[in-house]
Amino acid sequence: MRLTLANLCRVLVPRLADWCTIDLVDDNGGLARVAAYHPDPNRVAAVMQQSSNEVAERAIAVPLIAHGTTIGTLTLAHAESDRGFHDDDVALATDIARRAASAVENAHLFTRLREEDRRKDEFLATLAHELRNPLAPLSSGLELLKKLGDPRLEATRVIMDRQLTHLVRLVDDLLDVSRVTRDKIVLRREPLDVESLVATALEVSRAAIDKAGLVLTVSLPNEPLVFEGDRTRIAQVLSNLLNNAAKYNVPGGNVAVSAYRDDKDVVFEIADTGIGIAREMHGQIFEMFVQVQRNYEQPQGGLGIGLTLVRRLVELHGGRVWVESNGDGKGSKFVVRLPGVVEKSAPTPAIAETKSKTPRRILVVDDNEDAIYTLSALLELDGHEVRTATSGPAALEVLREFKADVALLDIGLPGMSGYELARHLRSQPQHATLTLVALTGWGQDEDRRQSQEAGFHHHFTKPVDLRKLQSLFE
Ligand code: ADP
C-alpha cells in the first residue's frame, strides 16, 4: 500500500506541485507520514520530515475520506517554483484524495481478510490434530471389545466401529485440506499404472457403491497406460469422486469410471446418474466448505472439503479437474486431466524375437483380484499355463497339485506376507526348483535386500515390465 501511495505522489509531481506528501491517521489518532516525493532524491528525506505548516502559504492539504471518516491527508506544496494553486488544482487534488482513500481502505480490508483466513487455516490444522488424538484409544477400545466377543455388545460395537471409521475419514480430510492450503503436501512421484490406480481407488469406494445398490462399470485402455504421479494422492482423488458419485446418486443408478490417454495426458472420468449439479454451482463446489444443499439428511454427509482436496491435489500434479452436469437429476461427470504420460520404449528387436517359445507353469499370488486378472490374462496370451491365488495359504493349496516353474508373489498379502510365503516355500524340498519372483510396489535397496533374505530369486517393482518377465521365463 505504501508503494501505491508513493507512486501516487510521484505522478502528481511536478504536474500539480513541487513536492507531495501523504499522511495517514495512526492507531493513536495522530498523523504518520507514509509517502513523500520530491524530484531531487536528496531532498526526499527532508520532505518526509517536513511539516506542511512550514510552507503553509504555498501548500494545500486535502483530507483522505473513506466511508465518512478522515483517514489521512494529501499535501501538495510549491517550494522552488513560483507557481500557485488555483481552484481547479484544489478540485483535482480533492478528487485524487477521494480515490486514494478508497484504495487505502481496500488494502486495509484485504490485509484483515488475509489475516483472518490465515487464522482459520491454523485453527483447522489444530482442530484436526486435536480431534485425531482421542480417536486412537477409541479405536483400540473397540478392537478390545471385539476380542472380548460379548454377544450382547456386538451390535453396538459394529455401529460404533462404522461411525468411528467415518469420523476418522472426516478428520483425515480435514487434516489434508489444512496441509494442502498451507502448501505442506509433498508429492512422491513415481510411474503409475492407470489400471492399478483405478483398482486401488475402487478398493476404498466399492463398499459405498455396493451399499447404495448402484451398478458400477469400469472402462480402461487396452494397452497399459503409465504416467508420473503420487500413487496415494491420485487414488485419493479418484476415491473422493467415486464416493461422491455413490453419495449423490439415486436408487438403481449407475457409476461409471473410465480412463484413457489424450496426447500426453491421462484423463479419468467419473460419471453418475445422480441428482446432478446446477450450472451456476459448477465453479463453487470446488471451494472450501461449499455444499449445494446441506447434507443434514445424508447419513454419510461430509464437510464440503472433499472437492477442495480433489482440486488442490490435481493442481499440485499440474492437472485440471472440472464437472459437467445439466443439474436437476441429470447426473454429473467429473473429469480429471493429468499430464505426464510415460512413453513406452519401443521393444528392442533382440528381446522381441525371444518372445516366449517355452510355455511355463506360473503361479500368480496377489490379493488384488484386478491385478491377478490382468497379469494372468497377459501370461496366458503368451502361451503359459497360469494358476492364481489371493493369499499365502491359498497359494500353498494350489501348489499341492500344480507343479509351478515360477511363482510371482505380491509382498503385501493379508495374514501371511509374501516374505513369509517365500521362506516357507524355500524350506520345503519339493519346491526346490520353483523360481520365486517378488512383485511389489516397493523398489528401494532395503526392500530388495529383504526379499533376497526371504529367499526370492528376483525382485520386480510394479507395474511389472513384461519384457523383463519374458526374458526371465526364457
Ligand atoms: P461433501 O460431499 O462433503 O459435501 P464435497 O466437497 O465432496 O463435499 O462436495 C461439495 C458439494 O458438491 C456436495 O455437498 C454436493 O452438493 C456437490 N456434489 C459433489 N459431488 C456430486 C455429485 N457427484 N453429484 C451431485 N452433487 C455433487
# chains A, B, ... in the order shown; residues from 1 in each chain; ligands from 1

$ residues_near_ligand --ligand "ligand 1" --cutoff "6 Å" --atoms "only C-alpha atoms and all ligand atoms" --output "ChimeraX atom specification"
/A:244-245,248,274-277,285,290-293,301-308,332

$ write_last_selection --atoms "all heavy atoms" --output "compact mmCIF listing (two decimals), in the first residue's frame"
# COMPACT_ATOMS: atom_id res chain seq x y z
N ASN A 244 -18.45 -39.57 -3.87
CA ASN A 244 -19.50 -38.59 -4.17
C ASN A 244 -20.50 -39.14 -5.18
O ASN A 244 -21.71 -38.92 -5.04
CB ASN A 244 -18.89 -37.30 -4.73
CG ASN A 244 -18.36 -36.39 -3.62
OD1 ASN A 244 -18.59 -36.65 -2.45
ND2 ASN A 244 -17.66 -35.34 -4.00
N ALA A 245 -19.98 -39.87 -6.18
CA ALA A 245 -20.86 -40.44 -7.20
C ALA A 245 -21.85 -41.42 -6.57
O ALA A 245 -22.99 -41.56 -7.02
CB ALA A 245 -20.04 -41.12 -8.29
N TYR A 248 -24.31 -39.00 -3.98
CA TYR A 248 -25.31 -38.11 -4.58
C TYR A 248 -26.03 -38.80 -5.73
O TYR A 248 -26.40 -38.18 -6.72
CB TYR A 248 -24.65 -36.81 -5.03
CG TYR A 248 -24.01 -36.10 -3.87
CD1 TYR A 248 -22.64 -36.13 -3.66
CD2 TYR A 248 -24.80 -35.45 -2.91
CE1 TYR A 248 -22.05 -35.52 -2.56
CE2 TYR A 248 -24.23 -34.84 -1.81
CZ TYR A 248 -22.86 -34.88 -1.65
OH TYR A 248 -22.31 -34.28 -0.54
N GLY A 274 -26.85 -39.49 -10.87
CA GLY A 274 -27.48 -38.98 -9.65
C GLY A 274 -28.20 -37.65 -9.80
O GLY A 274 -28.68 -37.31 -10.88
N ILE A 275 -28.20 -36.88 -8.69
CA ILE A 275 -29.05 -35.69 -8.60
C ILE A 275 -28.55 -34.54 -9.48
O ILE A 275 -29.28 -33.61 -9.76
CB ILE A 275 -29.16 -35.20 -7.14
CG1 ILE A 275 -27.77 -34.86 -6.57
CG2 ILE A 275 -29.84 -36.25 -6.28
CD1 ILE A 275 -27.82 -34.24 -5.18
N GLY A 276 -27.26 -34.61 -9.92
CA GLY A 276 -26.75 -33.56 -10.79
C GLY A 276 -26.39 -32.30 -10.04
O GLY A 276 -26.70 -32.16 -8.85
N ILE A 277 -25.74 -31.37 -10.75
CA ILE A 277 -25.30 -30.12 -10.12
C ILE A 277 -25.66 -28.96 -11.05
O ILE A 277 -25.27 -28.96 -12.22
CB ILE A 277 -23.77 -30.14 -9.89
CG1 ILE A 277 -23.39 -31.32 -8.98
CG2 ILE A 277 -23.30 -28.83 -9.27
CD1 ILE A 277 -21.92 -31.62 -8.97
N ILE A 285 -18.50 -25.50 -6.24
CA ILE A 285 -18.41 -26.72 -5.43
C ILE A 285 -16.97 -27.11 -5.10
O ILE A 285 -16.75 -27.87 -4.18
CB ILE A 285 -19.11 -27.93 -6.10
CG1 ILE A 285 -18.65 -28.07 -7.53
CG2 ILE A 285 -20.63 -27.79 -6.01
CD1 ILE A 285 -19.12 -29.37 -8.15
N VAL A 290 -18.14 -25.52 0.52
CA VAL A 290 -19.35 -25.30 -0.27
C VAL A 290 -20.10 -26.62 -0.46
O VAL A 290 -19.53 -27.63 -0.86
CB VAL A 290 -19.02 -24.68 -1.65
CG1 VAL A 290 -20.25 -24.68 -2.55
CG2 VAL A 290 -18.51 -23.28 -1.47
N GLN A 291 -21.40 -26.60 -0.15
CA GLN A 291 -22.27 -27.74 -0.40
C GLN A 291 -23.52 -27.20 -1.08
O GLN A 291 -24.01 -26.15 -0.68
CB GLN A 291 -22.65 -28.43 0.91
CG GLN A 291 -21.41 -28.94 1.66
CD GLN A 291 -21.74 -29.69 2.92
OE1 GLN A 291 -22.51 -29.21 3.73
NE2 GLN A 291 -21.15 -30.86 3.08
N VAL A 292 -23.98 -27.91 -2.10
CA VAL A 292 -25.13 -27.39 -2.84
C VAL A 292 -26.35 -27.36 -1.93
O VAL A 292 -27.07 -26.38 -1.85
CB VAL A 292 -25.41 -28.22 -4.10
CG1 VAL A 292 -26.64 -27.71 -4.83
CG2 VAL A 292 -24.20 -28.18 -5.03
N GLN A 293 -26.57 -28.48 -1.27
CA GLN A 293 -27.60 -28.45 -0.24
C GLN A 293 -26.99 -29.10 0.98
O GLN A 293 -26.20 -30.03 0.87
CB GLN A 293 -28.87 -29.21 -0.67
CG GLN A 293 -28.69 -30.70 -0.90
CD GLN A 293 -27.88 -30.98 -2.18
OE1 GLN A 293 -28.19 -30.47 -3.22
NE2 GLN A 293 -26.82 -31.77 -2.08
N GLY A 301 -23.10 -37.60 5.27
CA GLY A 301 -22.84 -36.23 4.83
C GLY A 301 -21.43 -35.82 5.21
O GLY A 301 -20.88 -36.30 6.17
N GLY A 302 -20.83 -34.93 4.41
CA GLY A 302 -19.43 -34.56 4.66
C GLY A 302 -19.30 -33.12 5.12
O GLY A 302 -20.27 -32.52 5.60
N LEU A 303 -18.11 -32.60 4.97
CA LEU A 303 -17.81 -31.26 5.46
C LEU A 303 -17.74 -30.25 4.32
O LEU A 303 -17.52 -29.07 4.54
CB LEU A 303 -16.45 -31.26 6.16
CG LEU A 303 -16.32 -32.15 7.39
CD1 LEU A 303 -14.86 -32.23 7.81
CD2 LEU A 303 -17.17 -31.62 8.51
N GLY A 304 -17.89 -30.74 3.09
CA GLY A 304 -17.76 -29.81 1.96
C GLY A 304 -16.30 -29.51 1.65
O GLY A 304 -15.98 -28.43 1.16
N ILE A 305 -15.40 -30.44 1.97
CA ILE A 305 -13.99 -30.20 1.65
C ILE A 305 -13.40 -31.23 0.68
O ILE A 305 -12.29 -31.06 0.20
CB ILE A 305 -13.09 -30.14 2.91
CG1 ILE A 305 -13.23 -31.40 3.73
CG2 ILE A 305 -13.41 -28.92 3.74
CD1 ILE A 305 -12.40 -31.39 4.99
N GLY A 306 -14.19 -32.29 0.38
CA GLY A 306 -13.66 -33.35 -0.48
C GLY A 306 -13.21 -32.81 -1.84
O GLY A 306 -12.12 -33.11 -2.31
N LEU A 307 -14.06 -31.99 -2.46
CA LEU A 307 -13.73 -31.50 -3.79
C LEU A 307 -12.61 -30.45 -3.75
O LEU A 307 -11.86 -30.30 -4.71
CB LEU A 307 -14.97 -30.93 -4.47
CG LEU A 307 -16.02 -31.95 -4.92
CD1 LEU A 307 -17.21 -31.25 -5.57
CD2 LEU A 307 -15.41 -32.95 -5.90
N THR A 308 -12.52 -29.73 -2.62
CA THR A 308 -11.41 -28.78 -2.47
C THR A 308 -10.10 -29.55 -2.51
O THR A 308 -9.16 -29.18 -3.21
CB THR A 308 -11.51 -28.05 -1.11
OG1 THR A 308 -12.84 -27.57 -0.97
CG2 THR A 308 -10.53 -26.92 -1.01
N SER A 332 -23.99 -36.33 -13.03
CA SER A 332 -22.80 -35.47 -13.12
C SER A 332 -21.64 -36.27 -13.65
O SER A 332 -21.58 -37.48 -13.46
CB SER A 332 -22.38 -34.96 -11.73
OG SER A 332 -23.46 -34.48 -11.03

$ residues_around --residues "A:Asp265" --least-positions-apart "3" --cutoff "9 Å" --atoms "only C-alpha atoms" --output "ChimeraX atom specification"
/A:227,260-262,319,337-341

$ residues_around --residues "A:Gly412" --least-positions-apart "2" --cutoff "10 Å" --atoms "only C-alpha atoms" --output "list in words"
Asp366, Asp367, Ser391, Leu409, Asp410, Pro414, Gly415, Met416, Ser417, Gly418, Tyr419, Leu439, Thr440, Gly441 and Trp442 of chain A

$ residues_around --residues "A:Glu143" --least-positions-apart "2" --cutoff "12 Å" --atoms "only C-alpha atoms" --output "list in words"
Ala136, Pro137, Leu138, Ser139, Ser140, Gly141, Leu145, Lys146, Lys147, Leu148, Gly149, Glu154, Arg157, Val158, Met160, Asp161 and Leu164 of chain A

$ atom_distance --atom1 "atom CA of A:Glu223" --atom2 "atom CA of A:Arg361"
24.4 Å

$ residues_around --residues "A:Ala97" --least-positions-apart "2" --cutoff "7 Å" --atoms "only C-alpha atoms" --output "list in words"
Val62, Pro63, Leu64, Leu74, Ala93, Thr94, Asp95, Arg99, Ala100 and Ala101 of chain A

$ atom_distance --atom1 "atom CA of A:Leu309" --atom2 "atom CA of A:Asp370"
27.0 Å

$ select_by_dssp --residues "stretch 98-242 of chain A" --states "helix (DSSP H, G or I)" --output "PyMOL selection string"
chain A and resi 98-148+151-181+194-211+231-242

$ residues_around --residues "A:Ala432" --least-positions-apart "2" --cutoff "12 Å" --atoms "only C-alpha atoms" --output "ChimeraX atom specification"
/A:403-406,422-430,434-436,455,457

$ residues_around --residues "stretch 197-207 of chain A" --least-positions-apart "5" --cutoff "12 Å" --atoms "only C-alpha atoms" --output "number ranges by chain"
A: 169, 191-192, 212-221, 224-247, 255-260, 267-270, 367-374, 441, 462-463

$ closest_residue --among "A:Val335, A:Ala45, A:Ala35, A:Leu109" --to "A:Ala271" --atoms "only C-alpha atoms"
A:Val335

$ closest_residue --among "A:Leu363, A:Cys20, A:Ile159, A:Val437" --to "A:Val44" --atoms "only C-alpha atoms"
A:Cys20

$ closest_residue --among "A:Val398, A:Met1, A:Arg98, A:Thr461" --to "A:Thr111" --atoms "only C-alpha atoms"
A:Met1

$ select_by_dssp --residues "stretch 149-277 of chain A" --states "strand (DSSP E)" --output "PyMOL selection string"
chain A and resi 189-193+215-219+226-230+254-262+265-272

$ atom_distance --atom1 "atom CA of A:Trp19" --atom2 "atom CA of A:Leu92"
15.8 Å

$ closest_residue --among "A:Val180, A:Leu375, A:Val342, A:Ala155" --to "A:Arg311" --atoms "only C-alpha atoms"
A:Val180

$ decode --residues "stretch 357-466 of chain A" --atoms "C-alpha atoms" --output "compact mmCIF listing (two decimals), in the first residue's frame"
# COMPACT_ATOMS: atom_id res chain seq x y z
CA LYS A 357 8.72 -70.18 -27.04
CA THR A 358 8.78 -72.27 -23.91
CA PRO A 359 5.44 -72.39 -22.14
CA ARG A 360 5.91 -72.17 -18.37
CA ARG A 361 3.74 -73.15 -15.46
CA ILE A 362 3.20 -69.96 -13.46
CA LEU A 363 1.52 -69.21 -10.15
CA VAL A 364 0.38 -65.60 -9.57
CA VAL A 365 -0.35 -64.60 -5.96
CA ASP A 366 -1.87 -61.20 -5.23
CA ASP A 367 -4.73 -60.04 -3.01
CA ASN A 368 -5.80 -57.56 -5.68
CA GLU A 369 -8.10 -59.53 -7.95
CA ASP A 370 -7.92 -56.96 -10.72
CA ALA A 371 -4.12 -57.23 -10.75
CA ILE A 372 -4.34 -61.03 -10.86
CA TYR A 373 -6.84 -60.96 -13.65
CA THR A 374 -4.84 -58.71 -15.96
CA LEU A 375 -1.44 -60.28 -15.33
CA SER A 376 -2.66 -63.85 -15.75
CA ALA A 377 -4.58 -62.94 -18.90
CA LEU A 378 -1.39 -61.47 -20.40
CA LEU A 379 0.67 -64.51 -19.43
CA GLU A 380 -1.91 -66.87 -20.86
CA LEU A 381 -1.89 -64.92 -24.10
CA ASP A 382 1.82 -65.73 -24.32
CA GLY A 383 1.04 -69.41 -24.04
CA HIS A 384 1.83 -70.00 -20.38
CA GLU A 385 -0.25 -72.09 -18.04
CA VAL A 386 -1.37 -69.92 -15.14
CA ARG A 387 -2.94 -70.53 -11.73
CA THR A 388 -3.82 -67.81 -9.25
CA ALA A 389 -4.30 -67.35 -5.51
CA THR A 390 -5.23 -64.36 -3.36
CA SER A 391 -3.44 -65.37 -0.15
CA GLY A 392 -0.47 -67.35 1.16
CA PRO A 393 -2.47 -70.36 2.39
CA ALA A 394 -4.46 -70.46 -0.86
CA ALA A 395 -1.17 -70.43 -2.81
CA LEU A 396 0.13 -73.42 -0.82
CA GLU A 397 -3.13 -75.20 -1.56
CA VAL A 398 -2.74 -74.60 -5.31
CA LEU A 399 0.88 -75.78 -5.26
CA ARG A 400 -0.20 -79.14 -3.82
CA GLU A 401 -1.44 -80.22 -7.23
CA PHE A 402 0.05 -77.63 -9.61
CA LYS A 403 3.77 -78.07 -10.17
CA ALA A 404 4.78 -74.48 -11.00
CA ASP A 405 8.08 -73.40 -12.59
CA VAL A 406 7.72 -69.81 -11.44
CA ALA A 407 5.75 -68.11 -8.65
CA LEU A 408 5.06 -64.38 -8.90
CA LEU A 409 4.32 -63.20 -5.37
CA ASP A 410 2.93 -59.94 -4.12
CA ILE A 411 4.55 -58.92 -0.81
CA GLY A 412 1.70 -57.12 0.96
CA LEU A 413 -0.63 -60.08 1.39
CA PRO A 414 -3.10 -60.19 4.28
CA GLY A 415 -2.29 -62.67 7.02
CA MET A 416 0.77 -64.41 5.57
CA SER A 417 3.04 -61.88 3.85
CA GLY A 418 4.88 -62.60 0.59
CA TYR A 419 8.15 -62.84 2.59
CA GLU A 420 6.68 -65.47 4.89
CA LEU A 421 5.28 -67.41 1.96
CA ALA A 422 8.67 -67.33 0.20
CA ARG A 423 10.51 -68.51 3.35
CA HIS A 424 8.03 -71.33 3.75
CA LEU A 425 8.36 -72.46 0.13
CA ARG A 426 12.16 -72.32 0.25
CA SER A 427 12.17 -74.53 3.33
CA GLN A 428 10.31 -77.33 1.51
CA PRO A 429 12.39 -79.68 -0.69
CA GLN A 430 9.51 -80.41 -3.08
CA HIS A 431 9.64 -76.73 -4.19
CA ALA A 432 13.41 -76.67 -4.70
CA THR A 433 13.13 -75.97 -8.46
CA LEU A 434 10.49 -73.27 -8.10
CA THR A 435 11.74 -69.81 -9.13
CA LEU A 436 10.41 -67.13 -6.75
CA VAL A 437 9.78 -63.62 -8.07
CA ALA A 438 8.71 -60.76 -5.79
CA LEU A 439 6.28 -58.33 -7.43
CA THR A 440 5.93 -55.28 -5.25
CA GLY A 441 5.29 -51.56 -5.17
CA TRP A 442 8.49 -51.10 -3.18
CA GLY A 443 11.78 -50.91 -5.02
CA GLN A 444 14.21 -49.42 -2.50
CA ASP A 445 17.53 -51.19 -1.81
CA GLU A 446 16.22 -52.14 1.61
CA ASP A 447 13.18 -53.86 0.04
CA ARG A 448 15.38 -55.75 -2.38
CA ARG A 449 17.64 -56.87 0.47
CA GLN A 450 14.63 -58.10 2.44
CA SER A 451 13.22 -60.08 -0.47
CA GLN A 452 16.62 -61.66 -1.12
CA GLU A 453 16.83 -62.60 2.53
CA ALA A 454 13.40 -64.22 2.35
CA GLY A 455 14.67 -66.41 -0.48
CA PHE A 456 13.33 -64.66 -3.58
CA HIS A 457 15.39 -65.16 -6.75
CA HIS A 458 14.18 -61.96 -8.38
CA HIS A 459 12.57 -58.68 -7.34
CA PHE A 460 10.38 -56.71 -9.74
CA THR A 461 8.58 -53.46 -8.97
CA LYS A 462 5.02 -52.87 -10.09
CA PRO A 463 3.87 -52.17 -12.70
CA VAL A 464 5.93 -55.08 -13.89
CA ASP A 465 7.81 -54.80 -17.16
CA LEU A 466 6.50 -57.78 -19.13
